[in-house]
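Participant: Sharing upload_33.tsv (TSV, C-alpha atoms and all ligand atoms) below.
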```tsv
chain	number	residue	atom	x	y	z
T	368	MET	CA	-10.83	-25.52	-32.06
T	369	ILE	CA	-13.37	-22.92	-33.14
T	370	GLU	CA	-12.61	-19.39	-32.03
T	371	LEU	CA	-14.98	-18.21	-29.34
T	372	ARG	CA	-15.16	-14.83	-30.98
T	373	LYS	CA	-16.60	-16.48	-34.07
T	374	ILE	CA	-19.31	-18.14	-31.96
T	375	TYR	CA	-20.14	-14.82	-30.36
T	376	ASP	CA	-20.24	-12.97	-33.69
T	377	ARG	CA	-22.58	-15.50	-35.26
T	378	LEU	CA	-24.94	-15.54	-32.30
T	379	TYR	CA	-24.96	-11.74	-32.23
T	380	LYS	CA	-25.71	-11.63	-35.95
T	381	GLN	CA	-28.54	-14.12	-35.49
T	382	TYR	CA	-30.24	-12.73	-32.39
T	383	GLY	CA	-29.01	-9.12	-32.19
T	384	PRO	CA	-28.37	-7.13	-29.00
T	385	GLN	CA	-30.17	-8.64	-26.02
T	386	GLY	CA	-30.19	-5.60	-23.71
T	387	TRP	CA	-29.74	-7.60	-20.53
T	388	TRP	CA	-30.43	-7.84	-17.61
T	389	PRO	CA	-34.24	-7.50	-17.76
T	390	ALA	CA	-34.75	-5.17	-14.77
T	391	GLU	CA	-35.76	-1.58	-14.09
T	392	SER	CA	-32.85	-0.95	-11.74
T	393	LYS	CA	-29.51	-2.46	-10.71
T	394	PHE	CA	-31.06	-3.26	-7.34
T	395	GLU	CA	-33.94	-5.13	-8.93
T	396	MET	CA	-31.38	-6.96	-11.07
T	397	MET	CA	-29.52	-8.21	-8.00
T	398	ILE	CA	-32.68	-9.31	-6.21
T	399	GLY	CA	-33.75	-11.07	-9.41
T	400	ALA	CA	-30.39	-12.86	-9.51
T	401	ILE	CA	-31.09	-14.37	-6.09
T	402	LEU	CA	-34.72	-15.18	-6.88
T	403	VAL	CA	-33.83	-16.99	-10.13
T	404	GLN	CA	-31.74	-19.61	-8.33
T	405	ASN	CA	-33.27	-23.02	-9.07
T	406	THR	CA	-36.29	-21.66	-10.89
T	407	ASN	CA	-37.32	-20.06	-14.17
T	408	TRP	CA	-37.75	-16.40	-15.03
T	409	THR	CA	-41.55	-16.54	-15.20
T	410	ASN	CA	-41.64	-17.43	-11.51
T	411	VAL	CA	-39.17	-14.67	-10.73
T	412	GLU	CA	-41.36	-12.13	-12.49
T	413	LYS	CA	-44.30	-13.11	-10.29
T	414	ALA	CA	-42.19	-12.74	-7.15
T	415	LEU	CA	-40.82	-9.37	-8.35
T	416	ALA	CA	-44.36	-8.17	-9.05
T	417	ASN	CA	-45.27	-9.00	-5.44
T	418	LEU	CA	-42.20	-7.06	-4.27
T	419	LYS	CA	-42.91	-4.06	-6.48
T	420	LEU	CA	-43.77	-1.69	-3.60
T	421	HIS	CA	-40.63	-2.71	-1.69
T	422	LEU	CA	-37.96	-2.83	-4.40
T	423	GLU	CA	-35.62	-0.45	-2.72
T	424	PRO	CA	-32.89	-1.55	-0.27
T	425	LYS	CA	-34.16	0.15	2.91
T	426	ALA	CA	-37.78	-0.79	2.25
T	427	LEU	CA	-36.87	-4.42	1.61
T	428	GLY	CA	-34.68	-4.46	4.71
T	429	LYS	CA	-37.63	-3.36	6.85
T	430	LEU	CA	-39.71	-6.38	5.89
T	431	SER	CA	-39.64	-9.28	8.32
T	432	ASN	CA	-38.21	-12.53	7.00
T	433	ASP	CA	-41.70	-14.07	7.13
T	434	THR	CA	-43.32	-11.24	5.16
T	435	LEU	CA	-40.53	-11.28	2.60
T	436	ALA	CA	-40.78	-15.06	2.26
T	437	LYS	CA	-44.54	-14.86	1.66
T	438	LEU	CA	-44.09	-12.25	-1.07
T	439	ILE	CA	-41.53	-14.36	-2.93
T	440	ILE	CA	-43.40	-17.67	-2.72
T	441	PRO	CA	-43.71	-17.88	-6.54
T	442	SER	CA	-39.91	-18.15	-6.87
T	443	GLY	CA	-39.76	-21.33	-4.74
T	444	TYR	CA	-37.38	-22.04	-1.81
T	445	TYR	CA	-38.85	-18.84	-0.43
T	446	ASN	CA	-37.67	-19.15	3.19
T	447	ILE	CA	-34.11	-19.83	2.06
T	448	LYS	CA	-34.23	-17.06	-0.53
T	449	ALA	CA	-35.66	-14.57	2.00
T	450	ARG	CA	-32.67	-15.27	4.27
T	451	ARG	CA	-30.31	-14.92	1.30
T	452	ILE	CA	-31.81	-11.58	0.33
T	453	LYS	CA	-31.44	-10.38	3.92
T	454	SER	CA	-27.79	-11.51	4.00
T	455	PHE	CA	-27.19	-9.74	0.71
T	456	LEU	CA	-28.82	-6.55	2.08
T	457	GLU	CA	-26.57	-6.65	5.16
T	458	TRP	CA	-23.53	-6.69	2.88
T	459	PHE	CA	-25.00	-4.01	0.59
T	460	GLN	CA	-25.64	-1.77	3.60
T	461	THR	CA	-21.93	-1.79	4.47
T	462	TYR	CA	-21.50	0.26	1.27
T	463	ASN	CA	-24.50	2.49	2.05
T	464	TYR	CA	-26.30	0.79	-0.87
T	465	ASP	CA	-24.03	2.77	-3.18
T	466	ILE	CA	-23.55	0.83	-6.40
T	467	ASP	CA	-21.14	3.40	-7.89
T	468	LYS	CA	-18.90	3.05	-4.84
T	469	ILE	CA	-18.93	-0.75	-5.15
T	470	LYS	CA	-18.11	-0.53	-8.87
T	471	LYS	CA	-14.73	0.99	-7.95
T	472	ILE	CA	-13.66	-2.21	-6.17
T	473	ASP	CA	-11.29	-4.53	-8.03
T	474	ARG	CA	-13.22	-7.31	-9.78
T	475	ASN	CA	-11.63	-10.25	-8.00
T	476	ARG	CA	-11.88	-8.70	-4.56
T	477	LEU	CA	-15.52	-7.80	-5.12
T	478	ARG	CA	-16.22	-11.31	-6.40
T	479	GLN	CA	-14.76	-12.76	-3.22
T	480	GLU	CA	-16.91	-10.43	-1.10
T	481	LEU	CA	-20.03	-11.56	-2.92
T	482	LEU	CA	-19.06	-15.22	-2.57
T	483	ASN	CA	-18.70	-14.69	1.18
T	484	ILE	CA	-22.41	-13.78	1.43
T	485	ASN	CA	-24.61	-16.65	2.54
T	486	GLY	CA	-26.34	-18.19	-0.46
T	487	ILE	CA	-24.39	-16.34	-3.16
T	488	GLY	CA	-22.59	-18.90	-5.34
T	489	PRO	CA	-20.35	-18.28	-8.36
T	490	GLU	CA	-23.14	-17.95	-10.93
T	491	THR	CA	-25.14	-15.48	-8.83
T	492	ALA	CA	-22.00	-13.52	-7.94
T	493	ASP	CA	-20.93	-13.34	-11.57
T	494	VAL	CA	-24.27	-12.14	-12.95
T	495	MET	CA	-24.23	-9.41	-10.29
T	496	LEU	CA	-20.65	-8.49	-11.21
T	497	LEU	CA	-21.55	-8.35	-14.88
T	498	TYR	CA	-24.99	-6.75	-14.90
T	499	ALA	CA	-24.97	-4.61	-11.73
T	500	PHE	CA	-21.31	-3.72	-11.18
T	501	ASP	CA	-20.10	-3.51	-14.80
T	502	LYS	CA	-17.29	-6.06	-14.46
T	503	ALA	CA	-16.28	-8.05	-17.54
T	504	ILE	CA	-16.71	-11.68	-16.49
T	505	PHE	CA	-17.98	-14.83	-18.16
T	506	VAL	CA	-21.03	-16.41	-16.53
T	507	VAL	CA	-21.00	-20.21	-16.53
T	508	ASP	CA	-24.45	-21.77	-16.49
T	509	ALA	CA	-26.08	-24.99	-17.65
T	510	TYR	CA	-26.80	-23.47	-21.07
T	511	ALA	CA	-23.15	-22.54	-21.63
T	512	ARG	CA	-22.07	-26.04	-20.60
T	513	ARG	CA	-24.60	-27.63	-22.98
T	514	ILE	CA	-23.71	-25.46	-25.98
T	515	PHE	CA	-19.93	-25.60	-25.52
T	516	ASN	CA	-20.01	-29.36	-25.15
T	517	ARG	CA	-22.12	-29.81	-28.26
T	518	LEU	CA	-19.86	-27.47	-30.22
T	519	GLY	CA	-16.92	-29.71	-29.40
T	520	TYR	CA	-15.12	-27.87	-26.61
T	521	ASP	CA	-13.62	-29.93	-23.81
T	522	MET	CA	-14.26	-27.59	-20.93
T	523	PRO	CA	-13.16	-27.99	-17.31
T	524	LYS	CA	-15.84	-29.37	-14.99
T	525	SER	CA	-15.18	-26.79	-12.29
T	526	TYR	CA	-17.02	-23.48	-12.49
T	527	ASP	CA	-13.90	-21.34	-12.29
T	528	GLY	CA	-11.91	-23.57	-14.64
T	529	PHE	CA	-14.61	-23.17	-17.29
T	530	ARG	CA	-14.86	-19.43	-16.74
T	531	GLN	CA	-11.12	-18.83	-16.86
T	532	LYS	CA	-10.69	-20.87	-20.02
T	533	VAL	CA	-13.25	-18.69	-21.80
T	534	GLU	CA	-11.77	-15.48	-20.41
T	535	LEU	CA	-8.29	-16.43	-21.64
T	536	GLU	CA	-9.63	-16.40	-25.19
T	537	LEU	CA	-11.75	-13.27	-25.15
T	538	PRO	CA	-10.82	-9.60	-24.75
T	539	CYS	CA	-11.73	-7.92	-21.45
T	540	ASP	CA	-14.77	-6.23	-22.99
T	541	LEU	CA	-17.80	-5.55	-20.80
T	542	LYS	CA	-20.26	-5.28	-23.68
T	543	LEU	CA	-19.05	-8.54	-25.18
T	544	TYR	CA	-19.51	-10.45	-21.91
T	545	ASN	CA	-22.85	-8.76	-21.28
T	546	GLU	CA	-24.15	-9.86	-24.65
T	547	PHE	CA	-22.44	-13.26	-24.76
T	548	HIS	CA	-24.20	-14.63	-21.67
T	549	ALA	CA	-27.57	-13.33	-22.87
T	550	LEU	CA	-26.98	-14.72	-26.38
T	551	ILE	CA	-26.07	-18.13	-24.98
T	552	VAL	CA	-29.31	-18.19	-22.99
T	553	GLU	CA	-31.28	-17.13	-26.07
T	554	HIS	CA	-29.61	-19.72	-28.29
T	555	ALA	CA	-30.23	-22.48	-25.73
T	556	LYS	CA	-33.91	-21.55	-25.57
T	557	VAL	CA	-34.52	-20.99	-29.26
T	558	GLN	CA	-32.33	-23.55	-31.07
T	559	CYS	CA	-29.82	-25.44	-28.94
T	560	ARG	CA	-32.61	-26.84	-26.76
T	561	LYS	CA	-32.53	-30.18	-24.98
T	562	LYS	CA	-33.74	-31.48	-28.33
T	563	PRO	CA	-31.85	-29.09	-30.60
T	564	LEU	CA	-33.09	-27.58	-33.85
T	565	CYS	CA	-29.79	-27.93	-35.68
T	566	GLY	CA	-31.13	-27.47	-39.20
T	567	THR	CA	-31.46	-23.70	-38.89
T	568	CYS	CA	-28.64	-23.12	-36.40
T	569	PRO	CA	-26.10	-20.38	-37.28
T	570	LEU	CA	-23.35	-22.60	-35.83
T	571	LEU	CA	-24.26	-25.77	-37.71
T	572	ASP	CA	-21.19	-25.85	-39.98
T	573	ILE	CA	-18.75	-25.44	-37.08
T	574	CYS	CA	-20.54	-27.62	-34.51
T	575	ALA	CA	-19.35	-31.08	-33.45
T	576	GLN	CA	-22.96	-31.79	-32.37
T	577	ARG	CA	-22.04	-33.95	-29.41
T	578	ILE	CA	-25.71	-34.22	-28.68
T	579	GLU	CA	-25.87	-37.68	-27.16
T	580	SER	CA	-23.18	-36.95	-24.60
T	581	SER	CA	-24.70	-33.57	-23.74
T	582	ALA	CA	-28.11	-35.16	-23.20
T	583	LYS	CA	-26.57	-37.59	-20.69
T	584	GLY	CA	-24.48	-34.91	-19.02
T	601	LIG	S1	-25.78	-27.22	-34.50
T	601	LIG	FE1	-27.28	-28.08	-33.06
T	601	LIG	S2	-26.07	-28.81	-31.30
T	601	LIG	FE2	-24.76	-27.42	-32.50
T	601	LIG	S3	-25.03	-25.42	-31.52
T	601	LIG	FE3	-26.49	-25.54	-33.20
T	601	LIG	S4	-28.41	-26.29	-32.27
T	601	LIG	FE4	-26.71	-26.70	-30.83
```
Have the structure of the file written as structure tokens, please.
Facilitator:
Amino acid sequence: MIELRKIYDRLYKQYGPQGWWPAESKFEMMIGAILVQNTNWTNVEKALANLKLHLEPKALGKLSNDTLAKLIIPSGYYNIKARRIKSFLEWFQTYNYDIDKIKKIDRNRLRQELLNINGIGPETADVMLLYAFDKAIFVVDAYARRIFNRLGYDMPKSYDGFRQKVELELPCDLKLYNEFHALIVEHAKVQCRKKPLCGTCPLLDICAQRIESSAKG
């Protein structure tokens, strides 16, 4: 089995530091994490542009659900996402919107709190943990599943099984996890696409290229 660290090092060498998450504040990052559910980043950017004057917890909380939903129409599922943002804000308010205070909470306890919020699933919780609350955690998404499968890893189907298997192999290093998720997304967009461009891939010599099975899965 190929060492995960080797995968990371090669992707880092190829694409360089990614500087994620693309947001002007931790709060914007967390709202973006909810908006990006079931859509692409271009649509999120349009919704965030509409929210620009309200991208602060108290200001966003003052908006009615209907007004908020209208502003985030470009992100799709806007009524559901407006309710999710409001649920998230209710939780955030219990900490006086203090990100530094929340950062002091143990990773697993904080993860459970986020998962208890309506509409926050494991992927959304984990990107918030990683990019807003500085917790070293591996984010499992469709890109990671595609790339790991093609490389030849037999990964657990469950979200947490996949995540824990990766975390067992890697050091608890915030920067590494921060970059690794972003590099996986970049690699999936640039080379390991649905129809991959294997010829120029930095992982070509160590890849099992299980492309047919990944296309079905
Ligand atoms: S060699 Fe092809 S299938 Fe394997 S990681 Fe690279 S682009 Fe993906």
Participant: Have a look at T:Thr406, T:Ser525, T:Ser442, T:Gln479 and name the one nearest to Ala492 of chain T; count all atoms listed in the file.
Facilitator: T:Gln479
Participant: Enclose all atoms of segment 372-387 of chain T listed in the file in an axis-aligned box, grow every side by 6 Å, and hand back centre and edge lengths in Å to one decimal, as JSON.
Facilitator:
```
{"center_x": -22.7, "center_y": -11.9, "center_z": -28.2, "size_x": 27.1, "size_y": 24.5, "size_z": 27.4}
```
Participant: Please determine, counting only C-alpha atoms, which residue among T:Lys380, T:Lys502, T:Arg513, T:His548 has the shortest atom-to-atom distance to Lys561 of chain T.
Facilitator: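 That would be T:Arg513, the residue with the smallest distance to Lys561 of chain T.
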Participant: Residues within 12 Å of ligand LIG 601 (chain T) (all atoms listed in the file), as a VMD selection string?
Facilitator: chain T and resid 374 to 375 377 to 378 381 510 to 520 551 to 582
Participant: Between atom CA of Gly428 of chain T and atom CA of Asn463 of chain T, what is the spacing in Å?
Facilitator: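 Going from atom CA of Asn463 of chain T over to atom CA of Gly428 of chain T, I get 12.6 Å.
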Participant: For Lys471 of chain T, which of T:Phe500, T:Pro523, T:Ile369, T:Glu395 is the closest residue, counting all atoms listed in the file?
Facilitator: T:Phe500
Participant: Can you measure atom CA of Arg530 of chain T to atom CA of Tyr544 of chain T for me? One decimal in Å is fine.
Facilitator: 11.4 Å
Participant: Could you check how far atom CA of Ala499 of chain T sits from atom CA of Lys393 of chain T, in Å to one decimal?
Facilitator: 5.1 Å
Participant: Can you pull out every residue within 9 Å of Lys425 of chain T, counting all atoms listed in the file, but drop anything in the same chain fewer than 5 positions away, and send it as a PDB file with C-alpha atoms, in the coordinates of the input?
Facilitator:
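Once written, selection25.pdb looks like this:
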```
ATOM      1  CA  LEU T 456     -28.820  -6.550   2.080  1.00  0.00           C
ATOM      2  CA  GLN T 460     -25.640  -1.770   3.600  1.00  0.00           C
ATOM      3  CA  TYR T 464     -26.300   0.790  -0.870  1.00  0.00           C
TER       4      TYR T 464
END
```
Participant: For Asp376 of chain T, list every protein, DNA or RNA residue within 10 Å, evaluated using all atoms listed in the file, and leave out those in the same chain fewer than 6 positions away; present the list as a PyMOL selection string.
Facilitator: chain T and resi 383+543+547
